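upload-v4.tsv (TSV, C-alpha atoms and all ligand atoms)
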```tsv
chain	number	residue	atom	x	y	z
A	1	MET	CA	-47.26	-124.38	50.87
A	2	ARG	CA	-48.84	-127.62	49.67
A	3	ALA	CA	-46.34	-130.27	48.56
A	4	ALA	CA	-45.83	-134.01	48.28
A	5	VAL	CA	-44.27	-135.30	51.50
A	6	THR	CA	-42.95	-138.72	52.50
A	7	THR	CA	-43.08	-140.71	55.72
A	8	GLY	CA	-39.64	-142.31	55.31
A	9	THR	CA	-38.61	-144.36	52.31
A	10	GLY	CA	-40.53	-147.23	50.73
A	11	GLY	CA	-43.42	-147.97	48.37
A	12	PRO	CA	-45.86	-145.44	46.90
A	13	GLU	CA	-47.83	-145.51	50.18
A	14	VAL	CA	-45.15	-143.36	51.89
A	15	LEU	CA	-46.30	-140.45	49.70
A	16	SER	CA	-49.00	-137.97	50.69
A	17	VAL	CA	-49.66	-134.24	50.53
A	18	GLY	CA	-48.75	-131.94	53.41
A	19	ASP	CA	-47.46	-128.48	54.27
A	20	VAL	CA	-43.80	-127.52	53.88
A	21	ALA	CA	-41.97	-124.18	54.12
A	22	ASP	CA	-42.27	-121.93	51.06
A	23	PRO	CA	-39.09	-121.73	48.95
A	24	ARG	CA	-37.49	-118.31	48.42
A	25	PRO	CA	-35.83	-117.41	45.10
A	26	GLY	CA	-32.09	-116.84	45.57
A	27	ALA	CA	-29.93	-114.65	43.36
A	28	GLY	CA	-30.24	-115.83	39.77
A	29	GLU	CA	-33.42	-117.82	40.50
A	30	VAL	CA	-37.11	-117.34	39.79
A	31	LEU	CA	-40.01	-118.51	41.92
A	32	VAL	CA	-42.61	-120.44	39.91
A	33	ASP	CA	-46.23	-120.98	40.94
A	34	VAL	CA	-46.54	-124.60	39.81
A	35	VAL	CA	-49.52	-125.57	37.64
A	36	ALA	CA	-48.38	-129.11	36.81
A	37	ALA	CA	-45.45	-131.43	37.48
A	38	ALA	CA	-44.50	-134.69	35.77
A	39	VAL	CA	-43.55	-138.03	37.31
A	40	ASN	CA	-40.17	-139.48	36.34
A	41	ARG	CA	-38.77	-142.94	36.99
A	42	ALA	CA	-35.99	-141.29	39.03
A	43	ASP	CA	-38.69	-139.94	41.38
A	44	THR	CA	-39.64	-143.51	42.28
A	45	LEU	CA	-35.97	-144.24	43.07
A	46	GLN	CA	-35.76	-141.10	45.25
A	47	ARG	CA	-38.90	-142.20	47.11
A	48	GLN	CA	-37.24	-145.56	47.81
A	49	GLY	CA	-34.11	-143.83	49.14
A	50	PHE	CA	-31.84	-144.78	46.20
A	51	TYR	CA	-31.50	-141.37	44.53
A	52	PRO	CA	-31.04	-138.54	47.03
A	53	PRO	CA	-31.30	-134.94	45.82
A	54	PRO	CA	-27.95	-133.27	44.99
A	55	PRO	CA	-26.56	-130.88	47.65
A	56	GLY	CA	-28.64	-127.72	47.92
A	57	ALA	CA	-31.65	-129.12	46.04
A	58	SER	CA	-35.16	-129.30	47.53
A	59	GLU	CA	-36.04	-132.46	49.47
A	60	VAL	CA	-39.43	-132.41	47.74
A	61	ILE	CA	-39.56	-134.87	44.81
A	62	GLY	CA	-40.06	-133.58	41.26
A	63	LEU	CA	-37.68	-132.95	38.36
A	64	GLU	CA	-39.86	-130.81	36.08
A	65	CYS	CA	-42.86	-128.53	36.16
A	66	SER	CA	-44.85	-125.87	34.37
A	67	GLY	CA	-46.42	-122.76	35.84
A	68	ARG	CA	-46.28	-118.98	36.10
A	69	ILE	CA	-43.42	-116.84	37.38
A	70	ALA	CA	-44.38	-115.43	40.80
A	71	GLU	CA	-41.20	-113.59	41.75
A	72	LEU	CA	-37.79	-112.76	40.31
A	73	GLY	CA	-34.64	-113.28	42.39
A	74	GLU	CA	-31.82	-110.75	42.44
A	75	GLY	CA	-30.14	-110.16	39.10
A	76	VAL	CA	-32.71	-112.03	36.97
A	77	GLU	CA	-33.39	-110.39	33.62
A	78	GLY	CA	-35.43	-111.35	30.59
A	79	TRP	CA	-38.46	-112.72	32.48
A	80	SER	CA	-41.49	-111.04	34.08
A	81	VAL	CA	-43.89	-111.97	36.86
A	82	GLY	CA	-46.83	-113.83	35.27
A	83	ASP	CA	-44.84	-115.35	32.39
A	84	GLU	CA	-45.95	-118.90	31.56
A	85	VAL	CA	-42.95	-121.23	31.70
A	86	CYS	CA	-41.79	-124.79	32.11
A	87	ALA	CA	-38.64	-125.75	33.98
A	88	LEU	CA	-36.03	-128.42	34.51
A	89	LEU	CA	-35.51	-128.96	38.25
A	90	ALA	CA	-33.01	-130.69	40.53
A	91	GLY	CA	-36.00	-131.30	42.84
A	92	GLY	CA	-39.06	-129.60	44.30
A	93	GLY	CA	-41.55	-130.03	41.45
A	94	TYR	CA	-44.36	-131.78	43.36
A	95	ALA	CA	-45.23	-128.54	45.18
A	96	ALA	CA	-47.27	-125.36	44.88
A	97	ARG	CA	-44.09	-123.30	44.37
A	98	VAL	CA	-40.51	-123.99	43.40
A	99	ALA	CA	-37.37	-121.84	43.13
A	100	VAL	CA	-35.51	-122.49	39.86
A	101	PRO	CA	-32.12	-121.32	38.54
A	102	VAL	CA	-33.04	-119.00	35.68
A	103	GLY	CA	-31.01	-120.99	33.13
A	104	GLN	CA	-33.41	-123.91	33.60
A	105	VAL	CA	-36.54	-121.87	32.90
A	106	MET	CA	-37.94	-122.18	29.39
A	107	PRO	CA	-40.90	-120.61	27.61
A	108	VAL	CA	-43.91	-122.85	26.95
A	109	PRO	CA	-43.55	-123.93	23.30
A	110	GLY	CA	-46.31	-123.01	20.86
A	111	GLY	CA	-49.28	-125.34	20.44
A	112	VAL	CA	-48.98	-126.86	23.92
A	113	SER	CA	-51.15	-126.10	26.97
A	114	LEU	CA	-49.55	-124.93	30.21
A	115	VAL	CA	-50.39	-128.29	31.85
A	116	GLU	CA	-48.99	-130.35	28.94
A	117	ALA	CA	-45.79	-128.28	29.04
A	118	ALA	CA	-44.86	-130.03	32.31
A	119	ALA	CA	-44.35	-133.21	30.28
A	120	LEU	CA	-41.52	-131.73	28.22
A	121	PRO	CA	-38.47	-130.34	30.12
A	122	GLU	CA	-36.90	-133.55	31.48
A	123	VAL	CA	-37.42	-135.67	28.36
A	124	ALA	CA	-36.47	-132.90	25.94
A	125	ALA	CA	-33.31	-132.03	27.92
A	126	THR	CA	-32.32	-135.69	28.33
A	127	VAL	CA	-32.85	-136.56	24.67
A	128	TRP	CA	-31.30	-133.36	23.31
A	129	SER	CA	-28.20	-133.59	25.54
A	130	ASN	CA	-27.55	-137.31	25.07
A	131	VAL	CA	-28.61	-138.05	21.53
A	132	PHE	CA	-27.56	-134.82	19.87
A	133	MET	CA	-24.97	-133.00	22.04
A	134	THR	CA	-23.14	-136.17	23.18
A	135	ALA	CA	-23.78	-138.80	20.49
A	136	HIS	CA	-24.17	-136.33	17.58
A	137	LEU	CA	-26.96	-138.24	15.82
A	138	ALA	CA	-26.98	-136.89	12.27
A	139	LYS	CA	-29.59	-136.78	9.49
A	140	GLY	CA	-29.79	-140.13	7.70
A	141	GLU	CA	-28.19	-142.09	10.55
A	142	ARG	CA	-29.88	-145.08	12.20
A	143	PHE	CA	-31.01	-144.54	15.79
A	144	LEU	CA	-32.21	-147.17	18.27
A	145	VAL	CA	-33.99	-146.06	21.44
A	146	HIS	CA	-35.17	-148.64	23.94
A	147	GLY	CA	-38.56	-148.23	25.59
A	148	GLY	CA	-40.05	-146.19	22.76
A	149	ALA	CA	-43.47	-145.86	24.41
A	150	GLY	CA	-42.10	-144.33	27.63
A	151	GLY	CA	-41.59	-140.67	28.44
A	152	ILE	CA	-38.03	-140.57	27.10
A	153	GLY	CA	-38.83	-142.92	24.24
A	154	THR	CA	-41.77	-140.95	22.83
A	155	MET	CA	-39.68	-137.75	22.81
A	156	ALA	CA	-36.59	-139.51	21.39
A	157	ILE	CA	-38.52	-141.07	18.50
A	158	GLN	CA	-40.24	-137.82	17.56
A	159	LEU	CA	-37.15	-135.62	17.78
A	160	ALA	CA	-34.95	-138.07	15.85
A	161	VAL	CA	-37.62	-138.46	13.13
A	162	ALA	CA	-38.04	-134.67	12.94
A	163	ARG	CA	-34.27	-134.30	12.44
A	164	GLY	CA	-34.17	-136.87	9.64
A	165	ALA	CA	-32.84	-140.01	11.36
A	166	GLU	CA	-34.08	-143.53	10.68
A	167	VAL	CA	-35.56	-144.62	14.01
A	168	PHE	CA	-35.87	-148.08	15.57
A	169	THR	CA	-37.29	-148.76	19.00
A	170	THR	CA	-38.26	-151.53	21.40
A	171	ALA	CA	-41.54	-151.87	23.32
A	172	GLY	CA	-43.36	-154.58	25.24
A	173	SER	CA	-47.00	-154.74	24.12
A	174	ALA	CA	-48.91	-154.62	20.83
A	175	GLU	CA	-50.54	-151.34	21.85
A	176	LYS	CA	-47.19	-149.73	22.68
A	177	LEU	CA	-45.57	-151.05	19.50
A	178	GLU	CA	-48.41	-149.42	17.56
A	179	LEU	CA	-47.90	-146.10	19.39
A	180	CYS	CA	-44.19	-146.19	18.47
A	181	ARG	CA	-45.06	-146.86	14.81
A	182	SER	CA	-47.52	-143.96	14.82
A	183	LEU	CA	-44.66	-141.71	15.98
A	184	GLY	CA	-42.51	-142.80	13.04
A	185	ALA	CA	-40.33	-145.65	14.36
A	186	THR	CA	-39.75	-149.22	13.25
A	187	ALA	CA	-41.00	-150.93	16.40
A	188	ILE	CA	-39.43	-154.16	17.71
A	189	SER	CA	-41.06	-156.29	20.38
A	190	TYR	CA	-38.58	-156.85	23.20
A	191	ARG	CA	-40.61	-159.92	24.18
A	192	ASP	CA	-40.82	-161.72	20.81
A	193	GLU	CA	-38.02	-160.33	18.63
A	194	ASP	CA	-34.26	-159.81	18.81
A	195	PHE	CA	-33.36	-156.16	18.29
A	196	VAL	CA	-29.74	-157.13	17.49
A	197	GLU	CA	-30.93	-159.19	14.52
A	198	VAL	CA	-33.20	-156.43	13.24
A	199	LEU	CA	-30.46	-153.78	13.49
A	200	THR	CA	-27.72	-156.04	12.10
A	201	GLU	CA	-29.81	-156.73	9.01
A	202	VAL	CA	-29.89	-153.02	8.17
A	203	GLY	CA	-26.21	-152.33	8.96
A	204	GLY	CA	-26.31	-151.53	12.68
A	205	ALA	CA	-27.33	-148.53	14.78
A	206	ASP	CA	-25.20	-145.38	14.62
A	207	VAL	CA	-26.58	-144.28	17.99
A	208	VAL	CA	-28.30	-146.28	20.74
A	209	LEU	CA	-30.08	-144.60	23.68
A	210	ASP	CA	-30.39	-147.19	26.44
A	211	ASN	CA	-32.48	-147.33	29.60
A	212	MET	CA	-31.70	-150.93	30.55
A	213	GLY	CA	-28.02	-150.78	31.54
A	214	ALA	CA	-26.36	-154.11	32.40
A	215	LYS	CA	-29.01	-156.37	30.87
A	216	TYR	CA	-28.58	-154.89	27.39
A	217	LEU	CA	-24.90	-153.86	27.45
A	218	GLY	CA	-23.56	-156.72	25.32
A	219	ARG	CA	-26.51	-156.75	22.93
A	220	ASN	CA	-26.38	-152.97	22.50
A	221	VAL	CA	-22.69	-153.15	21.51
A	222	ALA	CA	-23.60	-156.01	19.12
A	223	ALA	CA	-26.32	-153.82	17.55
A	224	LEU	CA	-23.95	-150.88	16.90
A	225	ALA	CA	-22.63	-150.00	13.45
A	226	THR	CA	-18.96	-149.19	12.87
A	227	GLY	CA	-18.33	-145.87	14.62
A	228	GLY	CA	-21.50	-146.35	16.66
A	229	ARG	CA	-22.22	-144.49	19.90
A	230	LEU	CA	-24.04	-146.13	22.81
A	231	VAL	CA	-25.37	-143.76	25.47
A	232	VAL	CA	-26.66	-145.37	28.66
A	233	ILE	CA	-29.06	-143.25	30.72
A	234	GLY	CA	-30.80	-145.85	32.87
A	235	PHE	CA	-30.23	-149.10	34.71
A	236	GLN	CA	-33.67	-150.70	34.77
A	237	GLY	CA	-31.84	-153.96	33.92
A	238	GLY	CA	-29.06	-153.65	36.52
A	239	THR	CA	-25.84	-151.74	37.05
A	240	LYS	CA	-23.02	-154.23	36.53
A	241	GLY	CA	-22.52	-155.76	33.09
A	242	GLU	CA	-19.71	-157.25	31.04
A	243	LEU	CA	-18.26	-155.26	28.16
A	244	ASP	CA	-16.57	-157.01	25.21
A	245	ILE	CA	-13.69	-154.59	24.59
A	246	GLN	CA	-12.72	-156.41	21.40
A	247	ALA	CA	-16.18	-155.93	19.91
A	248	LEU	CA	-16.07	-152.25	20.84
A	249	LEU	CA	-12.57	-151.86	19.42
A	250	ARG	CA	-13.43	-153.63	16.16
A	251	LYS	CA	-16.29	-151.24	15.61
A	252	ARG	CA	-14.36	-148.19	16.81
A	253	ALA	CA	-17.45	-147.62	18.92
A	254	SER	CA	-17.99	-145.75	22.19
A	255	VAL	CA	-20.02	-146.21	25.35
A	256	THR	CA	-21.05	-143.21	27.46
A	257	ALA	CA	-23.25	-142.95	30.53
A	258	THR	CA	-24.70	-139.69	31.79
A	259	SER	CA	-27.00	-138.24	34.42
A	260	LEU	CA	-28.74	-134.91	33.94
A	261	ARG	CA	-29.68	-134.05	37.51
A	262	ALA	CA	-26.17	-133.67	38.97
A	263	ARG	CA	-24.73	-131.59	36.13
A	264	PRO	CA	-23.43	-128.09	36.98
A	265	LEU	CA	-25.86	-125.18	36.49
A	266	GLU	CA	-23.95	-123.87	33.44
A	267	GLU	CA	-24.29	-127.23	31.66
A	268	LYS	CA	-28.00	-127.44	32.44
A	269	ALA	CA	-28.45	-123.87	31.17
A	270	ALA	CA	-26.63	-124.74	27.93
A	271	ILE	CA	-28.82	-127.83	27.50
A	272	CYS	CA	-32.01	-125.80	28.09
A	273	CYS	CA	-30.84	-123.20	25.53
A	274	GLY	CA	-30.30	-126.06	23.08
A	275	VAL	CA	-33.78	-127.41	23.79
A	276	VAL	CA	-35.46	-124.03	23.21
A	277	GLU	CA	-33.50	-123.51	19.99
A	278	ASN	CA	-33.70	-127.03	18.55
A	279	VAL	CA	-36.68	-128.85	20.07
A	280	TRP	CA	-39.34	-126.19	20.70
A	281	PRO	CA	-39.67	-125.22	16.98
A	282	HIS	CA	-40.62	-128.86	16.19
A	283	VAL	CA	-43.18	-128.80	19.01
A	284	ALA	CA	-44.63	-125.49	17.77
A	285	ALA	CA	-44.83	-126.92	14.24
A	286	GLY	CA	-46.72	-130.00	15.49
A	287	ARG	CA	-43.93	-132.46	14.58
A	288	ILE	CA	-43.47	-133.30	18.27
A	289	ARG	CA	-46.39	-133.62	20.68
A	290	PRO	CA	-46.25	-134.35	24.39
A	291	VAL	CA	-47.51	-137.91	24.88
A	292	VAL	CA	-49.45	-137.94	28.15
A	293	GLU	CA	-50.93	-141.12	29.65
A	294	THR	CA	-52.96	-139.35	32.31
A	295	THR	CA	-53.26	-136.20	34.42
A	296	MET	CA	-54.25	-136.41	38.08
A	297	PRO	CA	-54.30	-134.04	41.07
A	298	LEU	CA	-51.26	-133.87	43.37
A	299	GLU	CA	-53.38	-135.57	46.04
A	300	ASP	CA	-53.14	-138.76	43.91
A	301	VAL	CA	-49.33	-138.74	43.98
A	302	ALA	CA	-49.11	-142.26	45.46
A	303	ARG	CA	-51.40	-143.60	42.71
A	304	ALA	CA	-49.26	-141.83	40.10
A	305	HIS	CA	-46.10	-143.56	41.38
A	306	GLN	CA	-47.88	-146.92	41.47
A	307	LEU	CA	-48.99	-146.42	37.87
A	308	MET	CA	-45.40	-145.70	36.78
A	309	GLU	CA	-44.08	-148.75	38.63
A	310	ASP	CA	-46.78	-151.01	37.14
A	311	GLY	CA	-45.32	-150.03	33.75
A	312	ALA	CA	-48.58	-150.11	31.79
A	313	HIS	CA	-48.47	-146.37	31.03
A	314	ALA	CA	-47.37	-144.81	27.73
A	315	GLY	CA	-45.66	-141.41	27.72
A	316	LYS	CA	-45.88	-139.13	30.76
A	317	ILE	CA	-47.93	-139.07	33.96
A	318	LEU	CA	-48.82	-135.53	35.08
A	319	LEU	CA	-49.79	-134.13	38.50
A	320	THR	CA	-51.77	-130.89	38.66
A	321	LEU	CA	-51.66	-128.43	41.55
B	401	LIG	N1	-29.59	-140.34	33.00
B	401	LIG	C1	-30.49	-139.38	32.90
B	401	LIG	O1	-30.17	-138.21	32.94
B	401	LIG	C2	-31.93	-139.76	32.75
B	401	LIG	C3	-32.91	-138.77	32.59
B	401	LIG	C4	-34.23	-139.17	32.40
B	401	LIG	C5	-34.55	-140.52	32.40
B	401	LIG	N2	-33.58	-141.44	32.59
B	401	LIG	C6	-33.88	-142.88	32.58
B	401	LIG	O2	-34.43	-143.22	31.34
B	401	LIG	C7	-35.31	-144.34	31.49
B	401	LIG	C8	-36.65	-144.05	30.85
B	401	LIG	O3	-37.28	-143.02	31.60
B	401	LIG	P1	-38.81	-142.68	31.34
B	401	LIG	O4	-39.11	-141.44	32.08
B	401	LIG	O5	-39.07	-142.73	29.88
B	401	LIG	O6	-39.53	-143.90	32.07
B	401	LIG	P2	-40.86	-144.67	31.65
B	401	LIG	O7	-41.81	-143.74	30.97
B	401	LIG	O8	-41.33	-145.39	32.83
B	401	LIG	O9	-40.35	-145.70	30.57
B	401	LIG	C9	-39.66	-146.87	30.91
B	401	LIG	C10	-39.51	-147.67	29.66
B	401	LIG	O10	-38.75	-148.85	29.90
B	401	LIG	C11	-39.19	-149.78	28.95
B	401	LIG	N3	-38.76	-151.15	29.21
B	401	LIG	C12	-39.07	-151.96	30.26
B	401	LIG	N4	-38.49	-153.17	30.09
B	401	LIG	C13	-37.82	-153.11	28.92
B	401	LIG	C14	-37.01	-154.03	28.19
B	401	LIG	N5	-36.78	-155.26	28.65
B	401	LIG	N6	-36.47	-153.63	27.02
B	401	LIG	C15	-36.68	-152.40	26.54
B	401	LIG	N7	-37.42	-151.47	27.18
B	401	LIG	C16	-37.98	-151.83	28.35
B	401	LIG	C17	-40.68	-149.65	29.00
B	401	LIG	O11	-41.25	-150.22	27.84
B	401	LIG	P3	-42.76	-150.85	27.83
B	401	LIG	O12	-43.62	-149.80	28.48
B	401	LIG	O13	-43.06	-151.04	26.40
B	401	LIG	O14	-42.71	-152.11	28.62
B	401	LIG	C18	-40.83	-148.12	29.07
B	401	LIG	O15	-40.94	-147.57	27.79
B	401	LIG	C19	-35.39	-144.62	32.99
B	401	LIG	O16	-34.54	-145.67	33.28
B	401	LIG	C20	-34.91	-143.32	33.61
B	401	LIG	O17	-34.36	-143.51	34.88
B	401	LIG	C21	-32.29	-141.08	32.77
```
Just dump the structure as structure tokens.
Ligand SMILES: NC(=O)c1ccc[n+]([C@@H]2O[C@H](COP(=O)([O-])OP(=O)(O)OC[C@H]3O[C@@H](n4cnc5c(N)ncnc54)[C@H](OP(=O)(O)O)[C@@H]3O)[C@@H](O)[C@H]2O)c1
Amino acid sequence: MRAAVTTGTGGPEVLSVGDVADPRPGAGEVLVDVVAAAVNRADTLQRQGFYPPPPGASEVIGLECSGRIAELGEGVEGWSVGDEVCALLAGGGYAARVAVPVGQVMPVPGGVSLVEAAALPEVAATVWSNVFMTAHLAKGERFLVHGGAGGIGTMAIQLAVARGAEVFTTAGSAEKLELCRSLGATAISYRDEDFVEVLTEVGGADVVLDNMGAKYLGRNVAALATGGRLVVIGFQGGTKGELDIQALLRKRASVTATSLRARPLEEKAAICCGVVENVWPHVAAGRIRPVVETTMPLEDVARAHQLMEDGAHAGKILLTL
């Protein structure tokens, strides 16, 4: 089958399209004919050799896709060949076909095209699991998400607003700040403003979702309210920071860090169930829309990675098969 292949590790130029062996659906898996896949920041790390696939996962890059079910593995019930779906993957998305554990297969939510649906699984699962299952963001609480104009950020703002939180976010350019405002957030320029000051003035953030890691660790703790929960999901600003235990203790606050990809199948299935139950109704009602920067054919995979690394995009970058 057609798939993205790499000639070693390195920059986007190591990516091209070639032929690889077709996957077969194992017991409890379905085979999906991929219509679209989305690019994630983690994919760029995998391409550089810093984020290898977990044991047993496809070597082909790609953490989410949409498409049609082509075949059911042994013991799969509740789905039929031809069903339109989107899926959370441990790998293998940048390909014509992918085998997916059935617990990670989700229906396409109402109001969204099959191509657009590829933009949703990874961000919806990451935001639902971290902000709501782990940090328990509640109605009326203050929520700060960094990088509000990115894939994760655009989903986090919309879902938190839809569930009645007061949302603050950071972004880098006037255009991206405006996008964040249009989604319902108070937008703070990370170039010209201090998010700690803005949050402190209103009483602190009950939950912070962070993509920056080390660079923002101290300031994130400073921006927390009493009882606040900081969840770190990325390390765009480095991996080793200094934590002021006294500040954390005084606020009775917590710091958690999680990764979705390596979680056991049962946990991913529970997260996907939570997404279908709690996120998809907001999508179907038009309160959450997939924010897509651009859609390009799989053949342009190197350009898609370059675009993500340049950082000028807003929302998701999609590849069509
Ligand atoms: N742990 C997990 O399970 C998990 C799952 C999914 C994603 N992630 C991580 O979550 C992060 C976001 O992913 P994504 O798919 O949304 O990537 P993305 O679309 O490329 O977004 C990256 C974001 O980082 C923002 N940013 C850059 N410098 C910043 C700064 N100094 N302060 C605040 N924000 C800054 C960018 O803002 P501007 O565009 O405004 O500059 C952009 O919104 C990545 O680090 C990714 O690895 C983790």
Using only C-alpha atoms and all ligand atoms, which residues of the polymer chains come no farther than 6 Å from ligand LIG 401 (chain B)? I'd like the answer as a ChimeraX atom specification. /A:40-42,126,146-153,170-173,176,190,211,233-236,258-260,308,311-312,315
Residue subset to file, keeping C-alpha atoms, as a CSV table (one decimal), in the frame of the given file:
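In the end it all went to out_8.csv:
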```
chain,number,residue,atom,x,y,z
A,40,ASN,CA,-40.2,-139.5,36.3
A,41,ARG,CA,-38.8,-142.9,37.0
A,42,ALA,CA,-36.0,-141.3,39.0
A,126,THR,CA,-32.3,-135.7,28.3
A,146,HIS,CA,-35.2,-148.6,23.9
A,147,GLY,CA,-38.6,-148.2,25.6
A,148,GLY,CA,-40.0,-146.2,22.8
A,149,ALA,CA,-43.5,-145.9,24.4
A,150,GLY,CA,-42.1,-144.3,27.6
A,151,GLY,CA,-41.6,-140.7,28.4
A,152,ILE,CA,-38.0,-140.6,27.1
A,153,GLY,CA,-38.8,-142.9,24.2
A,170,THR,CA,-38.3,-151.5,21.4
A,171,ALA,CA,-41.5,-151.9,23.3
A,172,GLY,CA,-43.4,-154.6,25.2
A,173,SER,CA,-47.0,-154.7,24.1
A,176,LYS,CA,-47.2,-149.7,22.7
A,190,TYR,CA,-38.6,-156.8,23.2
A,211,ASN,CA,-32.5,-147.3,29.6
A,233,ILE,CA,-29.1,-143.2,30.7
A,234,GLY,CA,-30.8,-145.8,32.9
A,235,PHE,CA,-30.2,-149.1,34.7
A,236,GLN,CA,-33.7,-150.7,34.8
A,258,THR,CA,-24.7,-139.7,31.8
A,259,SER,CA,-27.0,-138.2,34.4
A,260,LEU,CA,-28.7,-134.9,33.9
A,308,MET,CA,-45.4,-145.7,36.8
A,311,GLY,CA,-45.3,-150.0,33.8
A,312,ALA,CA,-48.6,-150.1,31.8
A,315,GLY,CA,-45.7,-141.4,27.7
```
Residues within 7 Å of Val81 (chain A), please, as an NGL selection string. Count only C-alpha atoms; anything in the same chain fewer than 3 positions from it doesn't count. :A and (69-71)
Selected residue of minimal separation from Asp210 (chain A) among A:Met106, A:Val115, A:Val145, A:Ala284, counting all atoms listed in the file: A:Val145
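Picture a line from CA of Met212 (chain A) to CA of Leu144 (chain A); it runs 12.9 Å.
Atom pair CA of Phe195 (chain A) / CA of Gly237 (chain A) has a distance of 15.9 Å (rounded to one decimal).
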Arg261 (chain A) environment, 12 Å, all atoms listed in the file, sequence neighbours closer than 3 positions dropped, as an mmCIF file with C-alpha atoms, in the coordinates of the input:
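So the final result, stored in result-v6.cif, reads:
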```cif
data_model
loop_
_atom_site.group_PDB
_atom_site.id
_atom_site.type_symbol
_atom_site.label_atom_id
_atom_site.label_comp_id
_atom_site.auth_asym_id
_atom_site.auth_seq_id
_atom_site.Cartn_x
_atom_site.Cartn_y
_atom_site.Cartn_z
ATOM 1 C CA ASN A 40 -40.170 -139.480 36.340
ATOM 2 C CA ALA A 42 -35.990 -141.290 39.030
ATOM 3 C CA ASP A 43 -38.690 -139.940 41.380
ATOM 4 C CA TYR A 51 -31.500 -141.370 44.530
ATOM 5 C CA PRO A 52 -31.040 -138.540 47.030
ATOM 6 C CA PRO A 53 -31.300 -134.940 45.820
ATOM 7 C CA PRO A 54 -27.950 -133.270 44.990
ATOM 8 C CA PRO A 55 -26.560 -130.880 47.650
ATOM 9 C CA ALA A 57 -31.650 -129.120 46.040
ATOM 10 C CA GLY A 62 -40.060 -133.580 41.260
ATOM 11 C CA LEU A 63 -37.680 -132.950 38.360
ATOM 12 C CA GLU A 64 -39.860 -130.810 36.080
ATOM 13 C CA LEU A 88 -36.030 -128.420 34.510
ATOM 14 C CA LEU A 89 -35.510 -128.960 38.250
ATOM 15 C CA ALA A 90 -33.010 -130.690 40.530
ATOM 16 C CA GLY A 91 -36.000 -131.300 42.840
ATOM 17 C CA GLN A 104 -33.410 -123.910 33.600
ATOM 18 C CA GLU A 122 -36.900 -133.550 31.480
ATOM 19 C CA ALA A 125 -33.310 -132.030 27.920
ATOM 20 C CA THR A 126 -32.320 -135.690 28.330
ATOM 21 C CA ILE A 233 -29.060 -143.250 30.720
ATOM 22 C CA THR A 258 -24.700 -139.690 31.790
ATOM 23 C CA PRO A 264 -23.430 -128.090 36.980
ATOM 24 C CA LEU A 265 -25.860 -125.180 36.490
ATOM 25 C CA GLU A 267 -24.290 -127.230 31.660
ATOM 26 C CA LYS A 268 -28.000 -127.440 32.440
ATOM 27 C CA ILE A 271 -28.820 -127.830 27.500
#
```
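When only C-alpha atoms are used to compute distances to Val283 (chain A), the closest of the residues A:Gly8, A:Pro23, A:Gly110, A:Gly75 turns out to be A:Gly110.
With distances taken from (-21.0, -150.5, 19.8) and restricted to all atoms listed in the file, the residues inside 8 Å are A:Asn220, A:Val221, A:Ala222, A:Ala223, A:Leu224, A:Ala225, A:Thr226, A:Gly227, A:Gly228, A:Arg229, A:Leu230, A:Ala247, A:Leu248, A:Lys251, A:Arg252, A:Ala253, A:Ser254, A:Val255.
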Tell me, counting only C-alpha atoms, for each residue of region 29-91 of chain A within 12 Å of region 291-306 of chain A, which pair of atoms is nearest and how far apart they are in Å to one decimal, in rows ordered by chain and increasing number, as CSV.
```
residue,atom,partner,partner_atom,distance
A:Val34,CA,A:Leu298,CA,11.0
A:Val35,CA,A:Leu298,CA,10.2
A:Ala36,CA,A:Leu298,CA,8.6
A:Ala37,CA,A:Leu298,CA,8.6
A:Ala38,CA,A:Thr295,CA,9.0
A:Val39,CA,A:His305,CA,7.3
A:Asn40,CA,A:His305,CA,8.8
A:Arg41,CA,A:His305,CA,8.6
A:Ala42,CA,A:His305,CA,10.6
A:Asp43,CA,A:His305,CA,8.2
A:Thr44,CA,A:His305,CA,6.5
A:Leu45,CA,A:His305,CA,10.3
A:Gln46,CA,A:His305,CA,11.3
A:Arg47,CA,A:His305,CA,9.3
A:Gln48,CA,A:His305,CA,11.1
A:Ile61,CA,A:Val301,CA,10.5
A:Gly62,CA,A:Val301,CA,11.0
```
Once you have the residues from the selection above, write them out as an mmCIF file, in the frame of the given file, restricted to C-alpha atoms.
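For reference, out.cif as written:
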```
data_model
loop_
_atom_site.group_PDB
_atom_site.id
_atom_site.type_symbol
_atom_site.label_atom_id
_atom_site.label_comp_id
_atom_site.auth_asym_id
_atom_site.auth_seq_id
_atom_site.Cartn_x
_atom_site.Cartn_y
_atom_site.Cartn_z
ATOM 1 C CA VAL A 34 -46.540 -124.600 39.810
ATOM 2 C CA VAL A 35 -49.520 -125.570 37.640
ATOM 3 C CA ALA A 36 -48.380 -129.110 36.810
ATOM 4 C CA ALA A 37 -45.450 -131.430 37.480
ATOM 5 C CA ALA A 38 -44.500 -134.690 35.770
ATOM 6 C CA VAL A 39 -43.550 -138.030 37.310
ATOM 7 C CA ASN A 40 -40.170 -139.480 36.340
ATOM 8 C CA ARG A 41 -38.770 -142.940 36.990
ATOM 9 C CA ALA A 42 -35.990 -141.290 39.030
ATOM 10 C CA ASP A 43 -38.690 -139.940 41.380
ATOM 11 C CA THR A 44 -39.640 -143.510 42.280
ATOM 12 C CA LEU A 45 -35.970 -144.240 43.070
ATOM 13 C CA GLN A 46 -35.760 -141.100 45.250
ATOM 14 C CA ARG A 47 -38.900 -142.200 47.110
ATOM 15 C CA GLN A 48 -37.240 -145.560 47.810
ATOM 16 C CA ILE A 61 -39.560 -134.870 44.810
ATOM 17 C CA GLY A 62 -40.060 -133.580 41.260
#
```
In Å to one decimal, how far is CA of Leu319 (chain A) from CA of Ala3 (chain A)? 11.3 Å
